Structures are given as C-alpha cells and as structure tokens.
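Asker: Handing over my_file20.cif, mmCIF, C-alpha atoms; chains and numbers go by the auth columns.
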```
data_final
#
loop_
_atom_site.group_PDB
_atom_site.id
_atom_site.type_symbol
_atom_site.label_atom_id
_atom_site.label_comp_id
_atom_site.label_asym_id
_atom_site.label_seq_id
_atom_site.Cartn_x
_atom_site.Cartn_y
_atom_site.Cartn_z
_atom_site.B_iso_or_equiv
_atom_site.auth_seq_id
_atom_site.auth_asym_id
ATOM 1 C CA MET A 1 64.620 56.875 -3.370 0.00 112 J
ATOM 2 C CA LYS A 2 63.393 53.309 -3.709 0.00 113 J
ATOM 3 C CA LEU A 3 65.313 50.872 -1.525 0.00 114 J
ATOM 4 C CA THR A 4 66.239 47.333 -2.525 0.00 115 J
ATOM 5 C CA GLN A 5 64.465 44.955 -0.152 0.00 116 J
ATOM 6 C CA ALA A 6 64.998 41.245 0.393 0.00 117 J
ATOM 7 C CA TYR A 7 64.142 38.304 2.597 0.00 118 J
ATOM 8 C CA ILE A 8 67.290 36.435 3.548 0.00 119 J
ATOM 9 C CA LEU A 9 66.815 32.782 4.460 0.00 120 J
ATOM 10 C CA ILE A 10 69.708 31.580 6.574 0.00 121 J
ATOM 11 C CA GLU A 11 70.886 28.122 7.526 0.00 122 J
ATOM 12 C CA ALA A 12 72.872 28.467 10.741 0.00 123 J
ATOM 13 C CA LEU A 13 75.660 26.208 11.908 0.00 124 J
ATOM 14 C CA PRO A 14 74.372 23.623 14.413 0.00 125 J
ATOM 15 C CA GLY A 15 73.512 25.195 17.759 0.00 126 J
ATOM 16 C CA LYS A 16 74.210 28.757 16.581 0.00 127 J
ATOM 17 C CA GLY A 17 70.732 29.991 15.590 0.00 128 J
ATOM 18 C CA ILE A 18 70.097 32.121 18.696 0.00 129 J
ATOM 19 C CA ASP A 19 73.623 33.559 18.627 0.00 130 J
ATOM 20 C CA LEU A 20 73.146 34.411 14.948 0.00 131 J
ATOM 21 C CA VAL A 21 69.835 36.198 15.568 0.00 132 J
ATOM 22 C CA ASN A 22 71.414 38.274 18.337 0.00 133 J
ATOM 23 C CA ILE A 23 74.237 39.382 16.032 0.00 134 J
ATOM 24 C CA ILE A 24 72.149 40.019 12.916 0.00 135 J
ATOM 25 C CA LYS A 25 69.484 42.086 14.693 0.00 136 J
ATOM 26 C CA GLU A 26 72.152 44.728 15.370 0.00 137 J
ATOM 27 C CA ILE A 27 73.210 45.084 11.708 0.00 138 J
ATOM 28 C CA PRO A 28 72.056 48.371 10.127 0.00 139 J
ATOM 29 C CA GLY A 29 69.631 47.657 7.286 0.00 140 J
ATOM 30 C CA VAL A 30 68.154 44.536 8.886 0.00 141 J
ATOM 31 C CA LYS A 31 64.561 45.469 9.662 0.00 142 J
ATOM 32 C CA THR A 32 63.192 42.219 11.099 0.00 143 J
ATOM 33 C CA ILE A 33 64.638 38.851 12.027 0.00 144 J
ATOM 34 C CA HIS A 34 63.024 35.620 13.186 0.00 145 J
ATOM 35 C CA LEU A 35 64.265 32.255 14.416 0.00 146 J
ATOM 36 C CA VAL A 36 62.117 29.717 12.537 0.00 147 J
ATOM 37 C CA THR A 37 61.636 25.983 12.029 0.00 148 J
ATOM 38 C CA GLY A 38 62.082 24.153 8.741 0.00 149 J
ATOM 39 C CA PRO A 39 64.971 23.930 6.288 0.00 150 J
ATOM 40 C CA TYR A 40 66.206 27.396 7.326 0.00 151 J
ATOM 41 C CA ASP A 41 66.894 28.507 10.883 0.00 152 J
ATOM 42 C CA VAL A 42 66.636 32.280 10.538 0.00 153 J
ATOM 43 C CA ILE A 43 64.713 34.597 8.216 0.00 154 J
ATOM 44 C CA ALA A 44 65.708 38.265 8.022 0.00 155 J
ATOM 45 C CA PHE A 45 64.181 41.155 6.109 0.00 156 J
ATOM 46 C CA ALA A 46 66.671 43.803 5.002 0.00 157 J
ATOM 47 C CA GLU A 47 66.786 47.034 3.029 0.00 158 J
ATOM 48 C CA ALA A 48 69.708 48.652 1.246 0.00 159 J
ATOM 49 C CA ALA A 49 70.250 51.556 -1.131 0.00 160 J
ATOM 50 C CA ASP A 50 70.892 49.257 -4.106 0.00 161 J
ATOM 51 C CA LEU A 51 71.672 45.675 -5.083 0.00 162 J
ATOM 52 C CA LYS A 52 75.416 46.102 -4.546 0.00 163 J
ATOM 53 C CA SER A 53 74.873 47.425 -1.015 0.00 164 J
ATOM 54 C CA LEU A 54 72.481 44.580 -0.262 0.00 165 J
ATOM 55 C CA GLY A 55 75.076 42.065 -1.459 0.00 166 J
ATOM 56 C CA GLU A 56 77.702 43.648 0.773 0.00 167 J
ATOM 57 C CA LEU A 57 75.341 43.511 3.757 0.00 168 J
ATOM 58 C CA ILE A 58 74.804 39.793 3.179 0.00 169 J
ATOM 59 C CA VAL A 59 78.404 38.813 2.466 0.00 170 J
ATOM 60 C CA LYS A 60 80.365 41.207 4.680 0.00 171 J
ATOM 61 C CA LYS A 61 77.978 41.361 7.651 0.00 172 J
ATOM 62 C CA ILE A 62 75.708 38.294 7.786 0.00 173 J
ATOM 63 C CA GLN A 63 77.850 35.553 6.243 0.00 174 J
ATOM 64 C CA ALA A 64 80.960 36.925 7.957 0.00 175 J
ATOM 65 C CA THR A 65 79.537 36.174 11.425 0.00 176 J
ATOM 66 C CA GLY A 66 81.061 32.706 11.254 0.00 177 J
ATOM 67 C CA PHE A 67 77.720 31.125 12.249 0.00 178 J
ATOM 68 C CA VAL A 68 76.224 30.807 8.740 0.00 179 J
ATOM 69 C CA ALA A 69 76.252 27.595 6.684 0.00 180 J
ATOM 70 C CA ARG A 70 74.422 29.143 3.695 0.00 181 J
ATOM 71 C CA THR A 71 71.985 31.850 2.675 0.00 182 J
ATOM 72 C CA LEU A 72 69.248 32.219 0.087 0.00 183 J
ATOM 73 C CA THR A 73 68.276 35.774 -0.850 0.00 184 J
ATOM 74 C CA CYS A 74 64.791 36.550 -2.154 0.00 185 J
ATOM 75 C CA ILE A 75 64.656 40.111 -3.505 0.00 186 J
ATOM 76 C CA THR A 76 61.217 41.701 -3.417 0.00 187 J
ATOM 77 C CA VAL A 77 59.668 42.723 -6.740 0.00 188 J
ATOM 78 C CA GLU A 78 56.914 44.955 -5.356 0.00 189 J
ATOM 79 C CA GLN A 79 56.653 47.297 -2.393 0.00 190 J
#
```
For this file, produce the structure as structure tokens.

Answerer:
Amino acid sequence: MKLTQAYILIEALPGKGIDLVNIIKEIPGVKTIHLVTGPYDVIAFAEAADLKSLGELIVKKIQATGFVARTLTCITVEQ
C-alpha cells in the first residue's frame, strides 16, 4: 500500500518552537522533525494511509497543540 507523504512547514507561536518539536515528535505518523530558521520554525515529514488521514493528523494532532500559528503542507508527488 502506497502511503501519502508530506512535508509540513509550521510557524510556531513566539517562543514555542522547542515545545512544539517535543510534542510533534511523539505523534504517530511523523517520521522526522526539525527546528529550523527562516519563515517557518519547524519542518516535519509525515506519512499517512491516505489524504484524509494526513489531514486529520495535521488538524487534530499538530494544529491542536495550541502552539501553531499556521501550517503549509507540501504533499510529495514521487517516492
């Protein structure tokens, strides 16, 4: 079964980047996560069974942390 994969670029609330990384790294489906510089504070790579499941991971797990200002999801087109 081919998984849906995506890079999730996350803008954290001020001063919450490290807290956010520590929460997100424990979410099932998140494969890698990095605190970065630039317009986004955190970049995560995630896999899910399908697009709906990926959307739920982002909205119900990542955005629901309370430390996220906004996200940008980049779905991979090749594996």

Asker: Find the residues around His145 in chain J up to 8 Å (only C-alpha atoms counted), leave out those fewer than 2 positions away in its own chain, and share them as a PyMOL selection string.

Answerer: chain J and resi 132+143+147+153-155

Asker: Given the file shown, enumerate the residues that the PyMOL selection byres ((chain J and resi 174) around 12) captures and present them as a PyMOL selection string.

Answerer: chain J and resi 119-124+131+134-135+138+166-173+175-184

Asker: Kindly give the distance, in Å, that separates CA of Asp152 in chain J and CA of Gln116 in chain J, rounded to a single decimal.

Answerer: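 Taking CA of Asp152 in chain J and CA of Gln116 in chain J, their separation equals 20.0 Å.
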
Asker: For a test of reading the model, state the distance in Å between CA of Ile186 in chain J and CA of Lys113 in chain J, rounded to one decimal.

Answerer: 13.3 Å

Asker: Could you state the separation of CA of Leu162 in chain J and CA of Glu189 in chain J in Å, given to one decimal place?

Answerer: 14.8 Å

Asker: Under the rule that all atoms listed in the file are counted, which of J:Leu165, J:Val188, J:Ala157, J:Leu114 is the nearest residue to Gly140 in chain J?

Answerer: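 That would be J:Ala157, the residue with the smallest distance to Gly140 in chain J.
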
Asker: Check the smallest atom-to-atom distance from each of J:Ala117, J:Ala159, J:Val141, J:Met112 to Cys185 in chain J using all atoms listed in the file, then report the winner.

Answerer: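 Residue with the minimum atom-to-atom distance to Cys185 in chain J: J:Ala117.
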
Asker: Rank J:Lys163, J:Glu158, J:Gly128, J:Tyr151 by their smallest atom-to-atom distance to Thr115 in chain J, using all atoms listed in the file, and report the top residue only.

Answerer: J:Glu158
